[in-house]
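As provided, input.pdb (PDB, C-alpha atoms) reads as follows.
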MODEL        1
ATOM      1  CA  MET A  27       7.899 105.146 175.069
ATOM      2  CA  LYS A  28       7.090 106.253 171.554
ATOM      3  CA  GLU A  29       4.165 108.025 169.942
ATOM      4  CA  ILE A  30       3.178 106.516 166.609
ATOM      5  CA  ILE A  31       1.038 108.517 164.212
ATOM      6  CA  ALA A  32      -0.236 106.610 161.199
ATOM      7  CA  VAL A  33      -2.163 108.152 158.321
ATOM      8  CA  VAL A  34      -4.170 105.519 156.444
ATOM      9  CA  ARG A  35      -6.937 105.286 153.873
ATOM     10  CA  MET A  36     -10.479 105.704 155.244
ATOM     11  CA  ASN A  37     -11.549 102.294 153.936
ATOM     12  CA  MET A  38      -8.664 100.595 155.780
ATOM     13  CA  MET A  39      -9.552 101.863 159.253
ATOM     14  CA  ASN A  40     -11.597  98.857 160.392
ATOM     15  CA  ARG A  41      -8.948  96.392 159.203
ATOM     16  CA  THR A  42      -6.251  98.457 160.937
ATOM     17  CA  LYS A  43      -8.268  98.662 164.161
ATOM     18  CA  HIS A  44      -8.801  94.878 164.245
ATOM     19  CA  ALA A  45      -5.151  94.156 163.410
ATOM     20  CA  LEU A  46      -3.889  96.454 166.181
ATOM     21  CA  THR A  47      -6.276  94.865 168.680
ATOM     22  CA  GLU A  48      -5.112  91.376 167.676
ATOM     23  CA  ALA A  49      -1.513  92.561 168.111
ATOM     24  CA  GLY A  50      -2.345  93.516 171.712
ATOM     25  CA  ILE A  51      -2.749  97.259 171.158
ATOM     26  CA  ASP A  52      -6.170  98.177 172.506
ATOM     27  CA  GLY A  53      -5.740 101.886 173.223
ATOM     28  CA  PHE A  54      -5.425 104.457 170.458
ATOM     29  CA  PHE A  55      -7.117 107.500 168.962
ATOM     30  CA  ALA A  56      -8.508 107.801 165.438
ATOM     31  CA  HIS A  57      -9.188 111.168 163.851
ATOM     32  CA  GLU A  58     -10.692 112.173 160.540
ATOM     33  CA  ALA A  59      -8.082 113.929 158.431
ATOM     34  CA  GLN A  60      -7.549 115.263 154.948
ATOM     35  CA  GLY A  61      -4.282 115.447 153.115
ATOM     36  CA  ARG A  62      -2.221 114.697 150.088
ATOM     37  CA  GLY A  63       1.232 113.394 149.409
ATOM     38  CA  VAL A  64       3.778 114.520 146.872
ATOM     39  CA  GLY A  65       2.985 111.475 144.753
ATOM     40  CA  MET A  66      -0.715 112.262 144.454
ATOM     41  CA  ALA A  67      -0.396 114.566 141.427
ATOM     42  CA  ASN A  68       0.477 113.332 137.944
ATOM     43  CA  PRO A  69       3.974 114.678 137.103
ATOM     44  CA  HIS A  70       2.887 115.522 133.551
ATOM     45  CA  VAL A  71       0.047 117.648 134.906
ATOM     46  CA  LEU A  72       2.484 119.410 137.245
ATOM     47  CA  GLN A  73       4.859 120.112 134.352
ATOM     48  CA  GLY A  74       1.983 121.433 132.270
ATOM     49  CA  ALA A  75       0.838 123.701 135.075
ATOM     50  CA  ALA A  76       4.386 124.991 135.558
ATOM     51  CA  SER A  77       4.531 125.737 131.816
ATOM     52  CA  GLY A  78       1.298 127.736 132.030
ATOM     53  CA  TYR A  79      -1.164 125.357 130.346
ATOM     54  CA  GLU A  80      -4.596 126.337 131.650
ATOM     55  CA  GLU A  81      -5.973 122.792 131.322
ATOM     56  CA  ALA A  82      -3.279 121.471 133.642
ATOM     57  CA  VAL A  83      -3.834 124.272 136.140
ATOM     58  CA  ALA A  84      -7.572 123.477 136.139
ATOM     59  CA  LEU A  85      -6.856 119.808 136.857
ATOM     60  CA  LEU A  86      -4.829 120.731 139.938
ATOM     61  CA  GLY A  87      -7.315 123.266 141.242
ATOM     62  CA  GLU A  88      -6.298 126.353 143.146
ATOM     63  CA  LYS A  89      -5.017 124.608 146.242
ATOM     64  CA  GLY A  90      -4.868 120.999 145.116
ATOM     65  CA  LYS A  91      -7.318 118.302 146.109
ATOM     66  CA  LEU A  92      -7.218 116.937 149.640
ATOM     67  CA  TYR A  93      -8.129 113.291 150.149
ATOM     68  CA  PRO A  94     -10.040 111.927 153.169
ATOM     69  CA  LYS A  95      -7.836 109.888 155.509
ATOM     70  CA  ARG A  96      -7.767 108.578 159.059
ATOM     71  CA  MET A  97      -5.019 109.540 161.459
ATOM     72  CA  ILE A  98      -4.319 106.997 164.191
ATOM     73  CA  THR A  99      -2.351 108.084 167.254
ATOM     74  CA  LEU A 100      -1.017 105.672 169.852
ATOM     75  CA  VAL A 101       1.677 105.588 172.526
ATOM     76  CA  VAL A 102       3.489 102.284 173.045
ATOM     77  CA  PRO A 103       6.486 100.952 174.972
ATOM     78  CA  ASP A 104       9.732 101.039 172.972
ATOM     79  CA  LYS A 105       9.738  97.246 172.626
ATOM     80  CA  ALA A 106       6.366  97.327 170.786
ATOM     81  CA  VAL A 107       7.267  99.922 168.121
ATOM     82  CA  LYS A 108       8.546  97.538 165.426
ATOM     83  CA  SER A 109       5.588  95.207 165.867
ATOM     84  CA  VAL A 110       3.046  98.035 165.647
ATOM     85  CA  ILE A 111       4.689  99.466 162.531
ATOM     86  CA  ALA A 112       4.803  96.031 160.882
ATOM     87  CA  THR A 113       1.123  95.474 161.699
ATOM     88  CA  ILE A 114       0.064  98.817 160.214
ATOM     89  CA  ILE A 115       2.117  98.244 157.060
ATOM     90  CA  GLU A 116       0.853  94.681 156.606
ATOM     91  CA  VAL A 117      -2.784  95.776 156.727
ATOM     92  CA  ASN A 118      -2.490  98.971 154.668
ATOM     93  CA  LYS A 119       0.083  98.251 151.962
ATOM     94  CA  THR A 120      -1.461  98.043 148.485
ATOM     95  CA  GLY A 121       1.604  99.210 146.577
ATOM     96  CA  LYS A 122      -0.264 102.246 145.234
ATOM     97  CA  PRO A 123       0.163 105.934 146.079
ATOM     98  CA  GLY A 124      -1.915 106.935 149.073
ATOM     99  CA  ASP A 125      -1.194 103.878 151.237
ATOM    100  CA  GLY A 126      -0.236 106.244 154.058
ATOM    101  CA  LYS A 127       2.599 107.344 156.299
ATOM    102  CA  ILE A 128       3.839 106.400 159.751
ATOM    103  CA  PHE A 129       5.655 108.811 162.054
ATOM    104  CA  VAL A 130       7.432 107.797 165.278
ATOM    105  CA  MET A 131       8.327 110.296 168.005
ATOM    106  CA  PRO A 132       9.775 109.977 171.490
ATOM    107  CA  VAL A 133       7.508 110.478 174.508
ATOM    108  CA  SER A 134       9.242 111.648 177.664
ATOM    109  CA  ASP A 135       6.436 110.733 180.053
ATOM    110  CA  SER A 136       2.725 110.056 180.431
ATOM    111  CA  VAL A 137       0.313 110.160 183.357
ATOM    112  CA  ARG A 138      -2.912 108.219 183.870
ATOM    113  CA  VAL A 139      -5.285 110.828 185.275
ATOM    114  CA  ARG A 140      -7.449 108.360 187.228
ATOM    115  CA  THR A 141      -4.593 106.744 189.217
ATOM    116  CA  GLY A 142      -1.640 109.109 188.872
ATOM    117  CA  GLU A 143       0.504 106.297 187.414
ATOM    118  CA  THR A 144       3.347 107.548 185.251
ATOM    119  CA  GLY A 145       5.571 106.163 182.525
ATOM    120  CA  GLU A 146       4.841 102.844 180.847
ATOM    121  CA  LYS A 147       2.536 101.827 183.711
ATOM    122  CA  SER A 148       0.147 104.525 182.567
ATOM    123  CA  ILE A 149      -0.166 103.212 178.981
ATOM    124  CA  ILE A 150      -0.471  99.463 179.497
TER     125      ILE A 150
ENDMDL
END
Serialized structure, structure tokens:
Amino acid sequence: MKEIIAVVRMNMMNRTKHALTEAGIDGFFAHEAQGRGVGMANPHVLQGAASGYEEAVALLGEKGKLYPKRMITLVVPDKAVKSVIATIIEVNKTGKPGDGKIFVMPVSDSVRVRTGETGEKSII
């Protein structure tokens, strides 16, 4: 089993939700999140700030701007990982910075509280 965490644009959440459901993935969590990537700041502004130009520093702000995102968390059988990733990419890819990130981590076990089922039986 694998845990997949996807960070996507807020306005893409409904499309992502429908695409995952159509791909057979009905169970997942969605959380409001804020963040920024390394590509979110103009490199010329960063250079200006590093050189001490006050205008550039003002554009960046003290801590840098955080952008609203959605973080989707799901646990799937190993055989579904590639399909889930392809679905998320297909729906969210615009080719512009901020399209999101996908992280995949191993899950050693899971337990369905209601029945006590463990392993893949507890997630499908």
Contact residues around segment 100-109 of chain A with only C-alpha atoms at 6 Å, ignoring same-chain residues under 6 positions, as a list of chain:residue names: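 Near segment 100-109 of chain A, the qualifying residues are A:Met27, A:Lys28, A:Glu29, A:Ile30, A:Phe54.
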query: To one decimal place, how far is atom CA of Met39 of chain A from atom CA of Asp52 of chain A in Å?
result: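 Those two atoms sit 14.2 Å apart.
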- prompt: Suppose you want the space between atom CA of Ile149 of chain A and atom CA of Pro94 of chain A; what is it in Å?
  reply: 29.0 Å
- request: Taking the file above as input, evaluate the PyMOL selection byres ((chain A and resi 116) around 12) and report the hits as a ChimeraX atom specification.
  value: /A:34,38,41-42,45-46,49,109-115,117-121,125-126
message: Given only C-alpha atoms as the basis, pick out the residue of A:Gly50, A:Thr99, A:Tyr93, A:Arg62 nearest to Met131 of chain A.
response: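 Result for the nearest residue to Met131 of chain A: A:Thr99.
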- request: Can you work out which one of A:Ile98, A:Tyr79, A:Ala56, A:Ile150 has the shortest atom-to-atom distance to Val137 of chain A, counting all atoms listed in the file?
  value: A:Ile150
field: 9 Å contact set for Lys147 of chain A, all atoms listed in the file, chain neighbours under 4 positions out, as a ChimeraX atom specification
entry: /A:136-138,143
If you keep C-alpha atoms, can you produce a file of those selected residues as a PDB file, keeping the file's coordinate frame?
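And here's out39.pdb as it stands now:
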ATOM      1  CA  SER A 136       2.725 110.056 180.431  1.00  0.00           C
ATOM      2  CA  VAL A 137       0.313 110.160 183.357  1.00  0.00           C
ATOM      3  CA  ARG A 138      -2.912 108.219 183.870  1.00  0.00           C
ATOM      4  CA  GLU A 143       0.504 106.297 187.414  1.00  0.00           C
TER       5      GLU A 143
END
message: One number please: atom CA of Ala59 of chain A to atom CA of Arg35 of chain A, in Å, one decimal.
response: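 Result for atom CA of Ala59 of chain A versus atom CA of Arg35 of chain A: 9.8 Å, one decimal.
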query: For Leu92 of chain A, which of A:Asn40, A:Gly63, A:Thr47, A:Ser148 is the closest residue, counting all atoms listed in the file?
result: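 Ranked by minimum distance to Leu92 of chain A, first place goes to A:Gly63.
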- line: Restricting to only C-alpha atoms, whichever of A:Gly124, A:Pro132, A:Gly53, A:Gly74 is closest to Met36 of chain A is A:Gly124
Test item: axis-aligned box, all listed atoms of segment 118-121 of chain A, 3 Å on each side, centre and edges in Å rounded to one decimal, as lines of an AutoDock Vina configuration file:
center_x = -0.4
center_y = 98.6
center_z = 150.6
size_x = 10.1
size_y = 7.2
size_z = 14.1
- line: From the list A:Ser77, A:Thr144, A:Gln60, A:Ser134, the nearest residue to Met97 of chain A using all atoms listed in the file is A:Gln60
Residue nearest Ile128 of chain A among A:Ile51, A:Gly145, A:Arg96, A:Ala75 (counting only C-alpha atoms):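 Nearest candidate to Ile128 of chain A out of A:Ile51, A:Gly145, A:Arg96, A:Ala75: A:Arg96.
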